[in-house]
Structures are given as C-alpha cells and as structure tokens.
$ cat start-v8.pdb   # PDB, N, CA, C and O atoms
MODEL        1
ATOM      1  N   MET A 323      67.123  62.069 126.303
ATOM      2  CA  MET A 323      65.944  62.177 127.142
ATOM      3  C   MET A 323      64.744  62.495 126.271
ATOM      4  O   MET A 323      64.881  63.027 125.183
ATOM      5  N   ALA A 324      63.577  62.197 126.773
ATOM      6  CA  ALA A 324      62.343  62.386 126.024
ATOM      7  C   ALA A 324      62.120  63.861 125.694
ATOM      8  O   ALA A 324      62.666  64.742 126.339
ATOM      9  N   GLU A 325      61.308  64.076 124.683
ATOM     10  CA  GLU A 325      60.963  65.435 124.294
ATOM     11  C   GLU A 325      60.130  66.088 125.390
ATOM     12  O   GLU A 325      59.548  65.427 126.216
ATOM     13  N   GLY A 326      60.051  67.393 125.339
ATOM     14  CA  GLY A 326      59.265  68.148 126.302
ATOM     15  C   GLY A 326      60.080  69.315 126.816
ATOM     16  O   GLY A 326      61.269  69.435 126.541
ATOM     17  N   THR A 327      59.426  70.163 127.570
ATOM     18  CA  THR A 327      60.129  71.309 128.132
ATOM     19  C   THR A 327      61.105  70.824 129.193
ATOM     20  O   THR A 327      61.018  69.690 129.690
ATOM     21  N   THR A 328      62.033  71.686 129.548
ATOM     22  CA  THR A 328      62.980  71.343 130.604
ATOM     23  C   THR A 328      62.221  71.002 131.876
ATOM     24  O   THR A 328      62.534  70.020 132.560
ATOM     25  N   PHE A 329      61.188  71.790 132.216
ATOM     26  CA  PHE A 329      60.402  71.515 133.415
ATOM     27  C   PHE A 329      59.780  70.122 133.363
ATOM     28  O   PHE A 329      59.838  69.375 134.340
ATOM     29  N   GLU A 330      59.194  69.769 132.228
ATOM     30  CA  GLU A 330      58.560  68.445 132.099
ATOM     31  C   GLU A 330      59.579  67.328 132.269
ATOM     32  O   GLU A 330      59.298  66.305 132.903
ATOM     33  N   GLN A 331      60.765  67.511 131.704
ATOM     34  CA  GLN A 331      61.804  66.492 131.815
ATOM     35  C   GLN A 331      62.301  66.367 133.255
ATOM     36  O   GLN A 331      62.498  65.259 133.750
ATOM     37  N   VAL A 332      62.500  67.505 133.926
ATOM     38  CA  VAL A 332      62.930  67.487 135.329
ATOM     39  C   VAL A 332      61.834  66.855 136.186
ATOM     40  O   VAL A 332      62.115  66.045 137.071
ATOM     41  N   ALA A 333      60.578  67.213 135.923
ATOM     42  CA  ALA A 333      59.460  66.657 136.687
ATOM     43  C   ALA A 333      59.408  65.136 136.558
ATOM     44  O   ALA A 333      59.181  64.428 137.536
ATOM     45  N   THR A 334      59.653  64.628 135.368
ATOM     46  CA  THR A 334      59.660  63.176 135.157
ATOM     47  C   THR A 334      60.739  62.516 136.003
ATOM     48  O   THR A 334      60.497  61.476 136.637
ATOM     49  N   LEU A 335      61.931  63.113 136.057
ATOM     50  CA  LEU A 335      63.006  62.552 136.883
ATOM     51  C   LEU A 335      62.643  62.584 138.366
ATOM     52  O   LEU A 335      62.933  61.641 139.108
ATOM     53  N   ILE A 336      61.994  63.659 138.801
ATOM     54  CA  ILE A 336      61.592  63.769 140.204
ATOM     55  C   ILE A 336      60.542  62.719 140.539
ATOM     56  O   ILE A 336      60.605  62.080 141.587
ATOM     57  N   VAL A 337      59.587  62.521 139.650
ATOM     58  CA  VAL A 337      58.548  61.503 139.858
ATOM     59  C   VAL A 337      59.195  60.129 139.993
ATOM     60  O   VAL A 337      58.868  59.354 140.907
ATOM     61  N   GLU A 338      60.130  59.817 139.098
ATOM     62  CA  GLU A 338      60.792  58.511 139.127
ATOM     63  C   GLU A 338      61.643  58.329 140.381
ATOM     64  O   GLU A 338      61.653  57.268 140.989
ATOM     65  N   ARG A 339      62.368  59.367 140.786
ATOM     66  CA  ARG A 339      63.291  59.252 141.923
ATOM     67  C   ARG A 339      62.576  59.303 143.268
ATOM     68  O   ARG A 339      62.928  58.590 144.202
ATOM     69  N   PHE A 340      61.564  60.166 143.404
ATOM     70  CA  PHE A 340      60.946  60.380 144.706
ATOM     71  C   PHE A 340      59.555  59.765 144.850
ATOM     72  O   PHE A 340      58.972  59.809 145.924
ATOM     73  N   GLY A 341      59.026  59.218 143.767
ATOM     74  CA  GLY A 341      57.743  58.535 143.835
ATOM     75  C   GLY A 341      56.563  59.435 144.122
ATOM     76  O   GLY A 341      55.586  59.007 144.730
ATOM     77  N   VAL A 342      56.635  60.687 143.683
ATOM     78  CA  VAL A 342      55.517  61.607 143.862
ATOM     79  C   VAL A 342      54.688  61.644 142.585
ATOM     80  O   VAL A 342      55.154  61.232 141.524
ATOM     81  N   LYS A 343      53.470  62.152 142.699
ATOM     82  CA  LYS A 343      52.622  62.288 141.517
ATOM     83  C   LYS A 343      53.129  63.448 140.672
ATOM     84  O   LYS A 343      53.536  64.481 141.188
ATOM     85  N   GLU A 344      53.089  63.243 139.361
ATOM     86  CA  GLU A 344      53.561  64.289 138.452
ATOM     87  C   GLU A 344      52.796  65.590 138.660
ATOM     88  O   GLU A 344      53.370  66.670 138.586
ATOM     89  N   SER A 345      51.508  65.487 138.975
ATOM     90  CA  SER A 345      50.699  66.692 139.171
ATOM     91  C   SER A 345      51.113  67.478 140.411
ATOM     92  O   SER A 345      50.779  68.646 140.549
ATOM     93  N   SER A 346      51.865  66.853 141.315
ATOM     94  CA  SER A 346      52.284  67.560 142.530
ATOM     95  C   SER A 346      53.604  68.300 142.352
ATOM     96  O   SER A 346      54.005  69.085 143.210
ATOM     97  N   VAL A 347      54.291  68.064 141.234
ATOM     98  CA  VAL A 347      55.570  68.733 140.986
ATOM     99  C   VAL A 347      55.293  70.128 140.437
ATOM    100  O   VAL A 347      54.664  70.286 139.399
ATOM    101  N   THR A 348      55.757  71.135 141.191
ATOM    102  CA  THR A 348      55.570  72.529 140.798
ATOM    103  C   THR A 348      56.926  73.224 140.763
ATOM    104  O   THR A 348      57.886  72.748 141.381
ATOM    105  N   PRO A 349      57.009  74.360 140.067
ATOM    106  CA  PRO A 349      58.281  75.094 140.045
ATOM    107  C   PRO A 349      58.742  75.503 141.444
ATOM    108  O   PRO A 349      59.933  75.560 141.716
ATOM    109  N   GLU A 350      57.804  75.762 142.349
ATOM    110  CA  GLU A 350      58.143  76.228 143.685
ATOM    111  C   GLU A 350      58.559  75.094 144.618
ATOM    112  O   GLU A 350      59.011  75.333 145.735
ATOM    113  N   MET A 351      58.407  73.851 144.180
ATOM    114  CA  MET A 351      58.689  72.700 145.036
ATOM    115  C   MET A 351      60.147  72.696 145.483
ATOM    116  O   MET A 351      61.053  72.786 144.671
ATOM    117  N   SER A 352      60.336  72.577 146.798
ATOM    118  CA  SER A 352      61.683  72.519 147.378
ATOM    119  C   SER A 352      62.127  71.064 147.477
ATOM    120  O   SER A 352      61.356  70.196 147.891
ATOM    121  N   PHE A 353      63.386  70.821 147.124
ATOM    122  CA  PHE A 353      63.901  69.455 147.197
ATOM    123  C   PHE A 353      63.924  68.942 148.635
ATOM    124  O   PHE A 353      63.551  67.812 148.894
ATOM    125  N   THR A 354      64.350  69.782 149.569
ATOM    126  CA  THR A 354      64.472  69.315 150.950
ATOM    127  C   THR A 354      63.155  69.404 151.712
ATOM    128  O   THR A 354      62.767  68.452 152.375
ATOM    129  N   THR A 355      62.458  70.511 151.598
ATOM    130  CA  THR A 355      61.229  70.699 152.370
ATOM    131  C   THR A 355      60.076  69.863 151.823
ATOM    132  O   THR A 355      59.440  69.115 152.558
ATOM    133  N   ASP A 356      59.802  69.985 150.532
ATOM    134  CA  ASP A 356      58.636  69.316 149.944
ATOM    135  C   ASP A 356      58.883  67.849 149.606
ATOM    136  O   ASP A 356      57.969  67.028 149.688
ATOM    137  N   LEU A 357      60.107  67.523 149.205
ATOM    138  CA  LEU A 357      60.407  66.148 148.809
ATOM    139  C   LEU A 357      61.113  65.357 149.908
ATOM    140  O   LEU A 357      61.261  64.145 149.807
ATOM    141  N   GLY A 358      61.575  66.048 150.941
ATOM    142  CA  GLY A 358      62.274  65.373 152.023
ATOM    143  C   GLY A 358      63.630  64.827 151.610
ATOM    144  O   GLY A 358      64.136  63.870 152.190
ATOM    145  N   ALA A 359      64.235  65.441 150.594
ATOM    146  CA  ALA A 359      65.519  64.962 150.086
ATOM    147  C   ALA A 359      66.642  65.312 151.061
ATOM    148  O   ALA A 359      66.698  66.425 151.573
ATOM    149  N   ASP A 360      67.508  64.334 151.312
ATOM    150  CA  ASP A 360      68.701  64.620 152.096
ATOM    151  C   ASP A 360      69.847  64.918 151.131
ATOM    152  O   ASP A 360      69.663  64.927 149.912
ATOM    153  N   SER A 361      71.030  65.165 151.658
ATOM    154  CA  SER A 361      72.144  65.562 150.794
ATOM    155  C   SER A 361      72.494  64.486 149.774
ATOM    156  O   SER A 361      72.833  64.792 148.633
ATOM    157  N   LEU A 362      72.386  63.215 150.146
ATOM    158  CA  LEU A 362      72.661  62.135 149.203
ATOM    159  C   LEU A 362      71.634  62.119 148.071
ATOM    160  O   LEU A 362      71.992  61.949 146.906
ATOM    161  N   ASP A 363      70.359  62.321 148.420
ATOM    162  CA  ASP A 363      69.310  62.383 147.397
ATOM    163  C   ASP A 363      69.592  63.506 146.399
ATOM    164  O   ASP A 363      69.428  63.334 145.192
ATOM    165  N   VAL A 364      70.016  64.644 146.910
ATOM    166  CA  VAL A 364      70.297  65.792 146.047
ATOM    167  C   VAL A 364      71.472  65.487 145.127
ATOM    168  O   VAL A 364      71.422  65.761 143.931
ATOM    169  N   VAL A 365      72.531  64.891 145.672
ATOM    170  CA  VAL A 365      73.703  64.538 144.863
ATOM    171  C   VAL A 365      73.304  63.558 143.759
ATOM    172  O   VAL A 365      73.701  63.720 142.592
ATOM    173  N   GLU A 366      72.520  62.554 144.093
ATOM    174  CA  GLU A 366      72.091  61.568 143.096
ATOM    175  C   GLU A 366      71.217  62.211 142.021
ATOM    176  O   GLU A 366      71.356  61.906 140.837
ATOM    177  N   LEU A 367      70.324  63.113 142.433
ATOM    178  CA  LEU A 367      69.475  63.807 141.465
ATOM    179  C   LEU A 367      70.323  64.677 140.545
ATOM    180  O   LEU A 367      70.123  64.693 139.324
ATOM    181  N   VAL A 368      71.287  65.387 141.109
ATOM    182  CA  VAL A 368      72.169  66.234 140.302
ATOM    183  C   VAL A 368      72.927  65.394 139.281
ATOM    184  O   VAL A 368      73.028  65.763 138.105
ATOM    185  N   MET A 369      73.445  64.248 139.707
ATOM    186  CA  MET A 369      74.168  63.370 138.776
ATOM    187  C   MET A 369      73.255  62.901 137.654
ATOM    188  O   MET A 369      73.652  62.868 136.477
ATOM    189  N   GLU A 370      72.028  62.569 137.984
ATOM    190  CA  GLU A 370      71.064  62.135 136.971
ATOM    191  C   GLU A 370      70.739  63.278 136.005
ATOM    192  O   GLU A 370      70.660  63.070 134.785
ATOM    193  N   LEU A 371      70.569  64.479 136.538
ATOM    194  CA  LEU A 371      70.296  65.646 135.694
ATOM    195  C   LEU A 371      71.473  65.926 134.768
ATOM    196  O   LEU A 371      71.281  66.219 133.586
ATOM    197  N   GLU A 372      72.688  65.830 135.295
ATOM    198  CA  GLU A 372      73.877  66.050 134.469
ATOM    199  C   GLU A 372      73.930  65.051 133.321
ATOM    200  O   GLU A 372      74.205  65.424 132.178
ATOM    201  N   ASP A 373      73.652  63.787 133.616
ATOM    202  CA  ASP A 373      73.661  62.754 132.576
ATOM    203  C   ASP A 373      72.593  63.014 131.524
ATOM    204  O   ASP A 373      72.845  62.904 130.328
ATOM    205  N   ASN A 374      71.392  63.347 131.987
ATOM    206  CA  ASN A 374      70.269  63.512 131.072
ATOM    207  C   ASN A 374      70.365  64.764 130.206
ATOM    208  O   ASN A 374      69.881  64.771 129.080
ATOM    209  N   PHE A 375      70.956  65.817 130.751
ATOM    210  CA  PHE A 375      71.006  67.079 130.017
ATOM    211  C   PHE A 375      72.385  67.388 129.450
ATOM    212  O   PHE A 375      72.561  68.395 128.767
ATOM    213  N   GLY A 376      73.369  66.549 129.729
ATOM    214  CA  GLY A 376      74.705  66.751 129.194
ATOM    215  C   GLY A 376      75.385  68.008 129.696
ATOM    216  O   GLY A 376      76.077  68.695 128.934
ATOM    217  N   ILE A 377      75.163  68.330 130.970
ATOM    218  CA  ILE A 377      75.784  69.509 131.570
ATOM    219  C   ILE A 377      76.544  69.092 132.819
ATOM    220  O   ILE A 377      76.411  67.964 133.285
ATOM    221  N   GLN A 378      77.360  70.004 133.329
ATOM    222  CA  GLN A 378      78.053  69.814 134.593
ATOM    223  C   GLN A 378      77.542  70.875 135.557
ATOM    224  O   GLN A 378      77.470  72.051 135.200
ATOM    225  N   ILE A 379      77.182  70.463 136.767
ATOM    226  CA  ILE A 379      76.711  71.394 137.789
ATOM    227  C   ILE A 379      77.760  71.409 138.889
ATOM    228  O   ILE A 379      77.991  70.384 139.532
ATOM    229  N   SER A 380      78.388  72.554 139.094
ATOM    230  CA  SER A 380      79.449  72.639 140.099
ATOM    231  C   SER A 380      78.864  72.538 141.511
ATOM    232  O   SER A 380      77.690  72.840 141.736
ATOM    233  N   ASP A 381      79.705  72.118 142.447
ATOM    234  CA  ASP A 381      79.263  72.001 143.840
ATOM    235  C   ASP A 381      78.772  73.338 144.378
ATOM    236  O   ASP A 381      77.801  73.392 145.132
ATOM    237  N   ASP A 382      79.439  74.422 143.993
ATOM    238  CA  ASP A 382      79.013  75.750 144.437
ATOM    239  C   ASP A 382      77.625  76.081 143.911
ATOM    240  O   ASP A 382      76.802  76.663 144.630
ATOM    241  N   ASP A 383      77.355  75.714 142.668
ATOM    242  CA  ASP A 383      76.040  75.985 142.085
ATOM    243  C   ASP A 383      74.957  75.131 142.734
ATOM    244  O   ASP A 383      73.827  75.601 142.926
ATOM    245  N   VAL A 384      75.289  73.911 143.094
ATOM    246  CA  VAL A 384      74.305  73.023 143.724
ATOM    247  C   VAL A 384      73.776  73.645 145.010
ATOM    248  O   VAL A 384      72.585  73.537 145.312
ATOM    249  N   GLU A 385      74.635  74.321 145.745
ATOM    250  CA  GLU A 385      74.214  74.953 146.999
ATOM    251  C   GLU A 385      73.132  76.005 146.780
ATOM    252  O   GLU A 385      72.316  76.238 147.674
ATOM    253  N   ASP A 386      73.106  76.632 145.608
ATOM    254  CA  ASP A 386      72.119  77.670 145.314
ATOM    255  C   ASP A 386      70.842  77.120 144.686
ATOM    256  O   ASP A 386      69.887  77.867 144.466
ATOM    257  N   ILE A 387      70.828  75.837 144.378
ATOM    258  CA  ILE A 387      69.664  75.228 143.736
ATOM    259  C   ILE A 387      68.824  74.545 144.810
ATOM    260  O   ILE A 387      69.213  73.515 145.356
ATOM    261  N   THR A 388      67.672  75.136 145.113
ATOM    262  CA  THR A 388      66.831  74.583 146.178
ATOM    263  C   THR A 388      65.431  74.199 145.710
ATOM    264  O   THR A 388      64.745  73.466 146.400
ATOM    265  N   THR A 389      65.026  74.700 144.538
ATOM    266  CA  THR A 389      63.690  74.400 144.037
ATOM    267  C   THR A 389      63.755  73.849 142.616
ATOM    268  O   THR A 389      64.789  73.941 141.949
ATOM    269  N   VAL A 390      62.641  73.333 142.169
ATOM    270  CA  VAL A 390      62.535  72.837 140.797
ATOM    271  C   VAL A 390      62.798  73.984 139.817
ATOM    272  O   VAL A 390      63.517  73.815 138.831
ATOM    273  N   ALA A 391      62.247  75.160 140.101
ATOM    274  CA  ALA A 391      62.458  76.314 139.222
ATOM    275  C   ALA A 391      63.938  76.660 139.120
ATOM    276  O   ALA A 391      64.426  77.011 138.044
ATOM    277  N   ASP A 392      64.664  76.545 140.243
ATOM    278  CA  ASP A 392      66.100  76.835 140.233
ATOM    279  C   ASP A 392      66.838  75.912 139.267
ATOM    280  O   ASP A 392      67.682  76.360 138.494
ATOM    281  N   ILE A 393      66.529  74.630 139.312
ATOM    282  CA  ILE A 393      67.250  73.681 138.456
ATOM    283  C   ILE A 393      66.850  73.865 136.995
ATOM    284  O   ILE A 393      67.689  73.767 136.108
ATOM    285  N   VAL A 394      65.586  74.157 136.737
ATOM    286  CA  VAL A 394      65.145  74.387 135.354
ATOM    287  C   VAL A 394      65.860  75.609 134.781
ATOM    288  O   VAL A 394      66.379  75.563 133.661
ATOM    289  N   LYS A 395      65.925  76.675 135.559
ATOM    290  CA  LYS A 395      66.611  77.894 135.111
ATOM    291  C   LYS A 395      68.089  77.607 134.861
ATOM    292  O   LYS A 395      68.651  78.044 133.854
ATOM    293  N   TYR A 396      68.716  76.860 135.751
ATOM    294  CA  TYR A 396      70.128  76.524 135.609
ATOM    295  C   TYR A 396      70.367  75.717 134.329
ATOM    296  O   TYR A 396      71.262  76.022 133.555
ATOM    297  N   ILE A 397      69.557  74.685 134.127
ATOM    298  CA  ILE A 397      69.717  73.834 132.944
ATOM    299  C   ILE A 397      69.521  74.648 131.669
ATOM    300  O   ILE A 397      70.316  74.560 130.731
ATOM    301  N   ASP A 398      68.467  75.462 131.624
ATOM    302  CA  ASP A 398      68.199  76.249 130.426
ATOM    303  C   ASP A 398      69.327  77.229 130.115
ATOM    304  O   ASP A 398      69.607  77.506 128.952
ATOM    305  N   SER A 399      70.002  77.734 131.139
ATOM    306  CA  SER A 399      71.071  78.697 130.905
ATOM    307  C   SER A 399      72.422  78.023 130.620
ATOM    308  O   SER A 399      73.374  78.696 130.249
ATOM    309  N   HIS A 400      72.497  76.686 130.779
ATOM    310  CA  HIS A 400      73.760  75.988 130.568
ATOM    311  C   HIS A 400      73.710  74.925 129.457
ATOM    312  O   HIS A 400      74.632  74.138 129.319
ATOM    313  N   LYS A 401      72.639  74.915 128.684
ATOM    314  CA  LYS A 401      72.530  73.961 127.578
ATOM    315  C   LYS A 401      73.459  74.363 126.460
ATOM    316  O   LYS A 401      73.649  75.496 126.170
TER     317      LYS A 401
ENDMDL
END

$ encode --input "start-v8.pdb" --output "structure tokens"
Amino acid sequence: MAEGTTFEQVATLIVERFGVKESSVTPEMSFTTDLGADSLDVVELVMELEDNFGIQISDDDVEDITTVADIVKYIDSHK
C-alpha cells in the first residue's frame, strides 16, 4: 500500500469504496451512520483492510470497530 499514516491509508480505502470526498473522512466518522455501510459493506472493507495491512481482524473485534479511529487504532496495534 502507498506510503502515509495509517489514517491516510484507511481514508484512501474509504474514499475508493464509498465514493466520499477525502476531506470528509474524519477519525470520528462512523461506518454505519456516516457512510451508510451495511454489514456486507463492513465485511468487504475489513477484507480489504486485512489485505492491505497484512493483518487478520477477528469477527469479535469487528463488532467493536465502529469508527475510522477504531480501525486505525486496531491496525496500529496489530502491525
């Protein structure tokens, strides 16, 4: 994946997947509320994040990840 902070890399994936402006992606952004993601969208995003960052995110952990900040924190702690 391209260089940049974990947040920048996650933001790029969100922009590509959900078609939002990069400037609108914030750490507080909720996948379901702000992006309108359904469970399939979340699963697909998680799979993409796992591929891009070379990590595995368990189903139990996915349930606790609701915002961009949550996923950035998770990725940084599991690299």

$ axis_aligned_box --input "start-v8.pdb" --around "range 354-361 of chain A" --padding-each-side "5 Å" --output "JSON"
{"center_x": 65.4, "center_y": 67.3, "center_z": 150.6, "size_x": 24.9, "size_y": 16.8, "size_z": 13.9}

$ atom_distance --input "start-v8.pdb" --atom1 "atom O of His400 in chain A" --atom2 "atom N of Ala333 in chain A"
17.0 Å

$ atom_distance --input "start-v8.pdb" --atom1 "CA of Lys401 in chain A" --atom2 "CA of Ser346 in chain A"
26.0 Å

$ resolve_selection --input "start-v8.pdb" --expression "the PyMOL selection byres (((chain A and resi 399 and name CA) around 12) and name CA)" --output "list in words"
Thr328, Phe375, Ile377, Gln378, Ile379, Asp392, Ile393, Val394, Lys395, Tyr396, Ile397, Asp398, His400 and Lys401 of chain A

$ write_last_selection --input "start-v8.pdb" --atoms "N, CA, C and O atoms" --output "compact mmCIF listing (two decimals), in the coordinates of the input"
# COMPACT_ATOMS: atom_id res chain seq x y z
N THR A 328 62.03 71.69 129.55
CA THR A 328 62.98 71.34 130.60
C THR A 328 62.22 71.00 131.88
O THR A 328 62.53 70.02 132.56
N PHE A 375 70.96 65.82 130.75
CA PHE A 375 71.01 67.08 130.02
C PHE A 375 72.39 67.39 129.45
O PHE A 375 72.56 68.40 128.77
N ILE A 377 75.16 68.33 130.97
CA ILE A 377 75.78 69.51 131.57
C ILE A 377 76.54 69.09 132.82
O ILE A 377 76.41 67.96 133.28
N GLN A 378 77.36 70.00 133.33
CA GLN A 378 78.05 69.81 134.59
C GLN A 378 77.54 70.88 135.56
O GLN A 378 77.47 72.05 135.20
N ILE A 379 77.18 70.46 136.77
CA ILE A 379 76.71 71.39 137.79
C ILE A 379 77.76 71.41 138.89
O ILE A 379 77.99 70.38 139.53
N ASP A 392 64.66 76.54 140.24
CA ASP A 392 66.10 76.83 140.23
C ASP A 392 66.84 75.91 139.27
O ASP A 392 67.68 76.36 138.49
N ILE A 393 66.53 74.63 139.31
CA ILE A 393 67.25 73.68 138.46
C ILE A 393 66.85 73.86 137.00
O ILE A 393 67.69 73.77 136.11
N VAL A 394 65.59 74.16 136.74
CA VAL A 394 65.14 74.39 135.35
C VAL A 394 65.86 75.61 134.78
O VAL A 394 66.38 75.56 133.66
N LYS A 395 65.92 76.68 135.56
CA LYS A 395 66.61 77.89 135.11
C LYS A 395 68.09 77.61 134.86
O LYS A 395 68.65 78.04 133.85
N TYR A 396 68.72 76.86 135.75
CA TYR A 396 70.13 76.52 135.61
C TYR A 396 70.37 75.72 134.33
O TYR A 396 71.26 76.02 133.56
N ILE A 397 69.56 74.68 134.13
CA ILE A 397 69.72 73.83 132.94
C ILE A 397 69.52 74.65 131.67
O ILE A 397 70.32 74.56 130.73
N ASP A 398 68.47 75.46 131.62
CA ASP A 398 68.20 76.25 130.43
C ASP A 398 69.33 77.23 130.12
O ASP A 398 69.61 77.51 128.95
N HIS A 400 72.50 76.69 130.78
CA HIS A 400 73.76 75.99 130.57
C HIS A 400 73.71 74.92 129.46
O HIS A 400 74.63 74.14 129.32
N LYS A 401 72.64 74.92 128.68
CA LYS A 401 72.53 73.96 127.58
C LYS A 401 73.46 74.36 126.46
O LYS A 401 73.65 75.50 126.17

$ residues_around --input "start-v8.pdb" --residues "Ser352 in chain A" --least-positions-apart "6" --cutoff "7 Å" --atoms "all atoms listed in the file" --output "list in words"
Gly358, Ala359, Thr388, Thr389 and Val390 of chain A

$ write_last_selection --input "start-v8.pdb" --atoms "N, CA, C and O atoms" --output "PDB file, in the frame of the given file"
ATOM      1  N   GLY A 358      61.575  66.048 150.941  1.00  0.00           N
ATOM      2  CA  GLY A 358      62.274  65.373 152.023  1.00  0.00           C
ATOM      3  C   GLY A 358      63.630  64.827 151.610  1.00  0.00           C
ATOM      4  O   GLY A 358      64.136  63.870 152.190  1.00  0.00           O
ATOM      5  N   ALA A 359      64.235  65.441 150.594  1.00  0.00           N
ATOM      6  CA  ALA A 359      65.519  64.962 150.086  1.00  0.00           C
ATOM      7  C   ALA A 359      66.642  65.312 151.061  1.00  0.00           C
ATOM      8  O   ALA A 359      66.698  66.425 151.573  1.00  0.00           O
ATOM      9  N   THR A 388      67.672  75.136 145.113  1.00  0.00           N
ATOM     10  CA  THR A 388      66.831  74.583 146.178  1.00  0.00           C
ATOM     11  C   THR A 388      65.431  74.199 145.710  1.00  0.00           C
ATOM     12  O   THR A 388      64.745  73.466 146.400  1.00  0.00           O
ATOM     13  N   THR A 389      65.026  74.700 144.538  1.00  0.00           N
ATOM     14  CA  THR A 389      63.690  74.400 144.037  1.00  0.00           C
ATOM     15  C   THR A 389      63.755  73.849 142.616  1.00  0.00           C
ATOM     16  O   THR A 389      64.789  73.941 141.949  1.00  0.00           O
ATOM     17  N   VAL A 390      62.641  73.333 142.169  1.00  0.00           N
ATOM     18  CA  VAL A 390      62.535  72.837 140.797  1.00  0.00           C
ATOM     19  C   VAL A 390      62.798  73.984 139.817  1.00  0.00           C
ATOM     20  O   VAL A 390      63.517  73.815 138.831  1.00  0.00           O
TER      21      VAL A 390
END

$ atom_distance --input "start-v8.pdb" --atom1 "CA of Asp363 in chain A" --atom2 "CA of Thr334 in chain A"
15.6 Å
